[in-house]
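Colleague: The following block contains the structure, expressed as structure tokens.
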Amino acid sequence: MYLKLFVMSEDLLIKGVNIQKTFFSGNVKTEVIRGIEIEIKKEDYVVIFGPSGAGKTTLLHIIAGLLSPTKGKVLWKGEDIYSMSEERRSLWRRENIGFIFQFFHLLPDLTLEENVLIAGWKKWGKKEAKRRAEELLEKLGLKRIAHRYPSQVSGGEKQRTAIARALINEPSLILADEPTGNVDSVTGKEIRGLLEKLREEKGTALVVATHREDWKESGGKIFFLEDGKIIKRKK
Ligand SMILES: Nc1ncnc2c1ncn2[C@@H]1O[C@H](COP(=O)(O)OP(=O)(O)OP(=O)(O)O)[C@@H](O)[C@H]1O
Ligand SMILES: [Mg+2]
């Protein structure tokens with residue numbers, strides 16, 4: 001029994017306990033997340049569905065340590081990430097989390113390759129970060145255009161660059177916010193395939209938040225975000 005409990009807790013990366021988030025703008029109060037319990041284990045593959053405004057970005061940012069919840073806790077291997085100092089939380093994020101932002105957040109004055117390698121500087125040093133960036137960009141089919149700036153490439157290419165950047169530090173958890181939200185359905189399918197392949201190769205846990213129905217065909221566990229709560233039901 002003890003052994004089993006031990007093994008289970010070793011496998012648990014994220015535990016969200018009664019996560020709540022309320023935004024205030026002026027006198028208007030919006031309760032976006034209303035008591036979410038979620039567990040993400042090693043190598044898990046989770047797809048969270050929800051319509052626009054459901055709170056997907058808010059929830060992923062809270063799990064990533066980017067936005068503190070109004071109430072509740074986010075535990076990483078049992079440790080409350082919002083009790084860490086900001087500096088430690090940033091370090092923790094860099095070591096463990098690969099975040100793919102809904103709107104990419106690529107730096108416009110850097111080339112695609114520089115956008116990727118700069119994220120890996122602190123962990124790998126400049127030379128090794130460059131090697132890894134080149135390898136990732138090649139894997140994602142971007143080698144030929146790695147020297148271009150974000151304004152000179154398509155949405156799908158920006159999306160793949162954002163994926164490469166999220167992967168360079170070999171995170172144990174990838175949080176992908178609408179990773180196919182800004183591309184056509186064919187490119188979307190390609191990107192889904194890439195994320196699934198990368199996850200399998202490295203044994204990385206993957207959490208995707210999306211409103212796109214085609215993710216229902218994926219092999220992930222499907223959750224729905226509705227009324228600020230997570231509901232598990234059939235597809
Ligand atoms: N900083 C903020 N201040 C006030 N309200 C906010 C803030 N951020 C988000 N909201 C509100 O919270 C709700 C959830 O927003 P969120 O961005 O998490 O939704 P989403 O599910 O990611 O939507 P989309 O699919 O359009 O990206 C929305 O009603 C939004 O207007
Ligand atoms: Mg969003």
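Letters A, B, ... mark the chains of the structure tokens in the order given; residue numbers begin at 1 per chain; ligand numbers begin at 1, in order shown.
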Let me have all residues with an atom within 12 Å of ligand 1, counting only C-alpha atoms and all ligand atoms, laid out as a compact mmCIF listing (two decimals) with C-alpha atoms, in the first residue's frame.
Modeller:
# COMPACT_ATOMS: atom_id res chain seq x y z
CA GLN A 20 -10.45 29.89 -8.38
CA LYS A 21 -9.86 33.08 -10.33
CA THR A 22 -11.96 36.20 -10.21
CA PHE A 23 -11.16 39.27 -12.28
CA PHE A 24 -12.27 42.71 -11.21
CA SER A 25 -12.53 45.55 -13.65
CA GLY A 26 -14.05 48.59 -12.00
CA ASN A 27 -17.16 47.37 -10.23
CA VAL A 28 -17.55 44.36 -12.46
CA LYS A 29 -16.54 41.03 -10.99
CA THR A 30 -16.03 38.05 -13.29
CA GLU A 31 -15.61 34.63 -11.74
CA VAL A 32 -13.75 32.82 -14.47
CA ILE A 33 -12.41 29.73 -12.71
CA ARG A 34 -14.69 28.41 -10.02
CA ILE A 48 -9.14 20.77 -22.34
CA PHE A 49 -12.02 21.98 -24.47
CA GLY A 50 -13.94 25.15 -23.93
CA PRO A 51 -15.54 27.90 -25.99
CA SER A 52 -14.00 31.35 -26.30
CA GLY A 53 -14.01 33.09 -22.94
CA ALA A 54 -14.37 29.85 -20.98
CA GLY A 55 -11.10 30.50 -19.13
CA LYS A 56 -8.65 28.21 -20.93
CA THR A 57 -5.82 30.74 -21.12
CA THR A 58 -6.47 31.81 -17.54
CA LEU A 59 -6.27 28.21 -16.31
CA LEU A 60 -3.08 27.38 -18.24
CA HIS A 61 -1.40 30.57 -17.02
CA ILE A 62 -2.30 29.68 -13.44
CA LEU A 67 -0.93 34.16 -12.89
CA SER A 68 -1.75 33.62 -9.24
CA PHE A 101 1.34 30.91 -26.02
CA GLN A 102 -1.92 31.42 -27.86
CA PHE A 103 -0.50 34.40 -29.74
CA ALA A 176 -0.13 24.46 -25.23
CA ASP A 177 -2.70 27.26 -25.45
CA GLU A 178 -4.68 26.89 -28.70
CA PRO A 179 -1.65 25.55 -30.55
CA THR A 180 -3.72 25.21 -33.71
CA GLY A 181 -5.97 28.22 -33.15
CA ASN A 182 -4.35 30.46 -35.73
CA VAL A 208 -3.61 21.32 -24.75
CA ALA A 209 -6.36 23.91 -24.35
CA THR A 210 -8.47 24.37 -27.45
CA HIS A 211 -11.90 25.02 -28.89
CA ARG A 212 -11.11 23.11 -32.09
CA PHE A 224 -14.39 20.24 -20.78
CA LEU A 225 -14.14 23.64 -19.19
CA GLU A 226 -17.65 24.88 -18.52
CA ASP A 227 -18.97 27.43 -16.03
CA GLY A 228 -15.47 27.72 -14.61
CA LYS A 229 -15.30 24.03 -13.75
Colleague: If you count only C-alpha atoms, which residues fall within 6 Å of segment 104-112 of chain A, apart from same-chain ones fewer than 2 positions away, as a list of chain:residue names?
Modeller: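 So the residues in contact are A:Phe101, A:Gln102, A:Glu114, A:Asn115, A:Ala146, A:His147, A:Arg148, A:Tyr149, A:Pro150, A:Ala162.
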Colleague: Using C-alpha atoms, can you write the selected residues to a file as a compact mmCIF listing (two decimals), in the first residue's frame?
Modeller:
# COMPACT_ATOMS: atom_id res chain seq x y z
CA PHE A 101 1.34 30.91 -26.02
CA GLN A 102 -1.92 31.42 -27.86
CA GLU A 114 17.35 33.52 -32.11
CA ASN A 115 13.86 33.37 -30.60
CA ALA A 146 15.42 30.03 -39.46
CA HIS A 147 17.18 33.31 -40.27
CA ARG A 148 13.92 35.15 -41.02
CA TYR A 149 12.10 37.46 -38.63
CA PRO A 150 8.62 36.63 -37.31
CA ALA A 162 6.82 28.86 -30.58
Colleague: Pick the closest to Thr187 of chain A from A:Ile63, A:Asp80, A:Lys71, A:Arg160: which is it, counting only C-alpha atoms?
Modeller: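 Closest to Thr187 of chain A, using only C-alpha atoms: A:Arg160.
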Colleague: From the set A:Arg93, A:Lys232, A:Lys189, A:Lys221, which residue has the shortest atom-to-atom contact distance to Lys41 of chain A, counting only C-alpha atoms?
Modeller: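 Closest candidate: A:Lys221.
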Colleague: I'd like the neighbourhood of Leu13 of chain A as a ChimeraX atom specification, where a residue qualifies if any of its atoms comes within 10 Å (using only C-alpha atoms), though same-chain residues fewer than 2 positions away should be ignored.
Modeller: /A:9-11,15,39-44,75-79,96,172-173,205
Colleague: Residues as selected, N, CA, C and O atoms, written as a PDB file, in the first residue's frame, can you do that?
Modeller:
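Resulting contents of again-v5.pdb:
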ATOM      1  N   SER A   9       2.625   9.223  -6.055  1.00  0.00           N
ATOM      2  CA  SER A   9       2.981  10.621  -5.865  1.00  0.00           C
ATOM      3  C   SER A   9       4.201  10.994  -6.711  1.00  0.00           C
ATOM      4  O   SER A   9       4.315  12.122  -7.150  1.00  0.00           O
ATOM      5  N   GLU A  10       5.079  10.047  -6.943  1.00  0.00           N
ATOM      6  CA  GLU A  10       6.233  10.317  -7.812  1.00  0.00           C
ATOM      7  C   GLU A  10       5.795  10.672  -9.238  1.00  0.00           C
ATOM      8  O   GLU A  10       6.455  11.416  -9.934  1.00  0.00           O
ATOM      9  N   ASP A  11       4.677  10.081  -9.632  1.00  0.00           N
ATOM     10  CA  ASP A  11       4.194  10.287 -10.991  1.00  0.00           C
ATOM     11  C   ASP A  11       3.432  11.597 -11.166  1.00  0.00           C
ATOM     12  O   ASP A  11       3.196  12.036 -12.270  1.00  0.00           O
ATOM     13  N   LYS A  15      -0.816  19.211  -9.242  1.00  0.00           N
ATOM     14  CA  LYS A  15      -2.110  18.985  -8.607  1.00  0.00           C
ATOM     15  C   LYS A  15      -2.722  20.361  -8.357  1.00  0.00           C
ATOM     16  O   LYS A  15      -2.135  21.184  -7.641  1.00  0.00           O
ATOM     17  N   GLU A  39      -5.372  16.947 -11.948  1.00  0.00           N
ATOM     18  CA  GLU A  39      -4.096  16.266 -11.712  1.00  0.00           C
ATOM     19  C   GLU A  39      -3.446  16.003 -13.059  1.00  0.00           C
ATOM     20  O   GLU A  39      -4.096  15.534 -13.986  1.00  0.00           O
ATOM     21  N   ILE A  40      -2.169  16.301 -13.158  1.00  0.00           N
ATOM     22  CA  ILE A  40      -1.416  15.987 -14.375  1.00  0.00           C
ATOM     23  C   ILE A  40      -0.226  15.130 -13.976  1.00  0.00           C
ATOM     24  O   ILE A  40       0.594  15.536 -13.141  1.00  0.00           O
ATOM     25  N   LYS A  41      -0.198  13.950 -14.545  1.00  0.00           N
ATOM     26  CA  LYS A  41       0.877  13.017 -14.210  1.00  0.00           C
ATOM     27  C   LYS A  41       1.915  12.988 -15.316  1.00  0.00           C
ATOM     28  O   LYS A  41       1.670  13.462 -16.423  1.00  0.00           O
ATOM     29  N   LYS A  42       3.055  12.393 -15.009  1.00  0.00           N
ATOM     30  CA  LYS A  42       4.114  12.200 -16.004  1.00  0.00           C
ATOM     31  C   LYS A  42       3.538  11.551 -17.241  1.00  0.00           C
ATOM     32  O   LYS A  42       2.786  10.574 -17.131  1.00  0.00           O
ATOM     33  N   GLU A  43       3.906  12.044 -18.380  1.00  0.00           N
ATOM     34  CA  GLU A  43       3.518  11.473 -19.673  1.00  0.00           C
ATOM     35  C   GLU A  43       2.020  11.545 -19.970  1.00  0.00           C
ATOM     36  O   GLU A  43       1.545  10.975 -20.939  1.00  0.00           O
ATOM     37  N   ASP A  44       1.264  12.240 -19.127  1.00  0.00           N
ATOM     38  CA  ASP A  44      -0.170  12.412 -19.391  1.00  0.00           C
ATOM     39  C   ASP A  44      -0.381  13.201 -20.681  1.00  0.00           C
ATOM     40  O   ASP A  44       0.463  14.012 -21.066  1.00  0.00           O
ATOM     41  N   LEU A  75       0.083  22.705  -6.932  1.00  0.00           N
ATOM     42  CA  LEU A  75       1.231  21.997  -6.372  1.00  0.00           C
ATOM     43  C   LEU A  75       2.024  21.344  -7.482  1.00  0.00           C
ATOM     44  O   LEU A  75       1.454  20.715  -8.381  1.00  0.00           O
ATOM     45  N   TRP A  76       3.339  21.520  -7.427  1.00  0.00           N
ATOM     46  CA  TRP A  76       4.244  20.823  -8.343  1.00  0.00           C
ATOM     47  C   TRP A  76       4.976  19.788  -7.503  1.00  0.00           C
ATOM     48  O   TRP A  76       5.708  20.143  -6.585  1.00  0.00           O
ATOM     49  N   LYS A  77       4.748  18.520  -7.806  1.00  0.00           N
ATOM     50  CA  LYS A  77       5.325  17.436  -7.005  1.00  0.00           C
ATOM     51  C   LYS A  77       5.152  17.724  -5.516  1.00  0.00           C
ATOM     52  O   LYS A  77       6.073  17.575  -4.721  1.00  0.00           O
ATOM     53  N   GLY A  78       3.981  18.236  -5.174  1.00  0.00           N
ATOM     54  CA  GLY A  78       3.641  18.463  -3.774  1.00  0.00           C
ATOM     55  C   GLY A  78       3.980  19.853  -3.253  1.00  0.00           C
ATOM     56  O   GLY A  78       3.555  20.222  -2.168  1.00  0.00           O
ATOM     57  N   GLU A  79       4.739  20.651  -4.005  1.00  0.00           N
ATOM     58  CA  GLU A  79       5.126  21.978  -3.505  1.00  0.00           C
ATOM     59  C   GLU A  79       4.262  23.083  -4.124  1.00  0.00           C
ATOM     60  O   GLU A  79       4.057  23.111  -5.347  1.00  0.00           O
ATOM     61  N   ASN A  96      11.055  23.274 -15.958  1.00  0.00           N
ATOM     62  CA  ASN A  96      10.039  22.229 -16.045  1.00  0.00           C
ATOM     63  C   ASN A  96       8.908  22.433 -17.035  1.00  0.00           C
ATOM     64  O   ASN A  96       8.276  21.474 -17.457  1.00  0.00           O
ATOM     65  N   SER A 172       9.351  18.883 -18.568  1.00  0.00           N
ATOM     66  CA  SER A 172       8.607  17.649 -18.326  1.00  0.00           C
ATOM     67  C   SER A 172       7.114  17.849 -18.577  1.00  0.00           C
ATOM     68  O   SER A 172       6.354  16.894 -18.639  1.00  0.00           O
ATOM     69  N   LEU A 173       6.706  19.111 -18.718  1.00  0.00           N
ATOM     70  CA  LEU A 173       5.293  19.393 -19.015  1.00  0.00           C
ATOM     71  C   LEU A 173       5.184  20.500 -20.066  1.00  0.00           C
ATOM     72  O   LEU A 173       5.766  21.570 -19.906  1.00  0.00           O
ATOM     73  N   ALA A 205       4.772  15.235 -20.571  1.00  0.00           N
ATOM     74  CA  ALA A 205       3.323  15.383 -20.401  1.00  0.00           C
ATOM     75  C   ALA A 205       2.869  16.563 -21.266  1.00  0.00           C
ATOM     76  O   ALA A 205       3.603  17.535 -21.435  1.00  0.00           O
TER      77      ALA A 205
END
Colleague: May I ask which of the residues A:Gly65, A:Gly220, A:Pro171, A:Gly193 is the closest one to Ser85 of chain A, counting only C-alpha atoms?
Modeller: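 That would be A:Gly65, the residue with the smallest distance to Ser85 of chain A.
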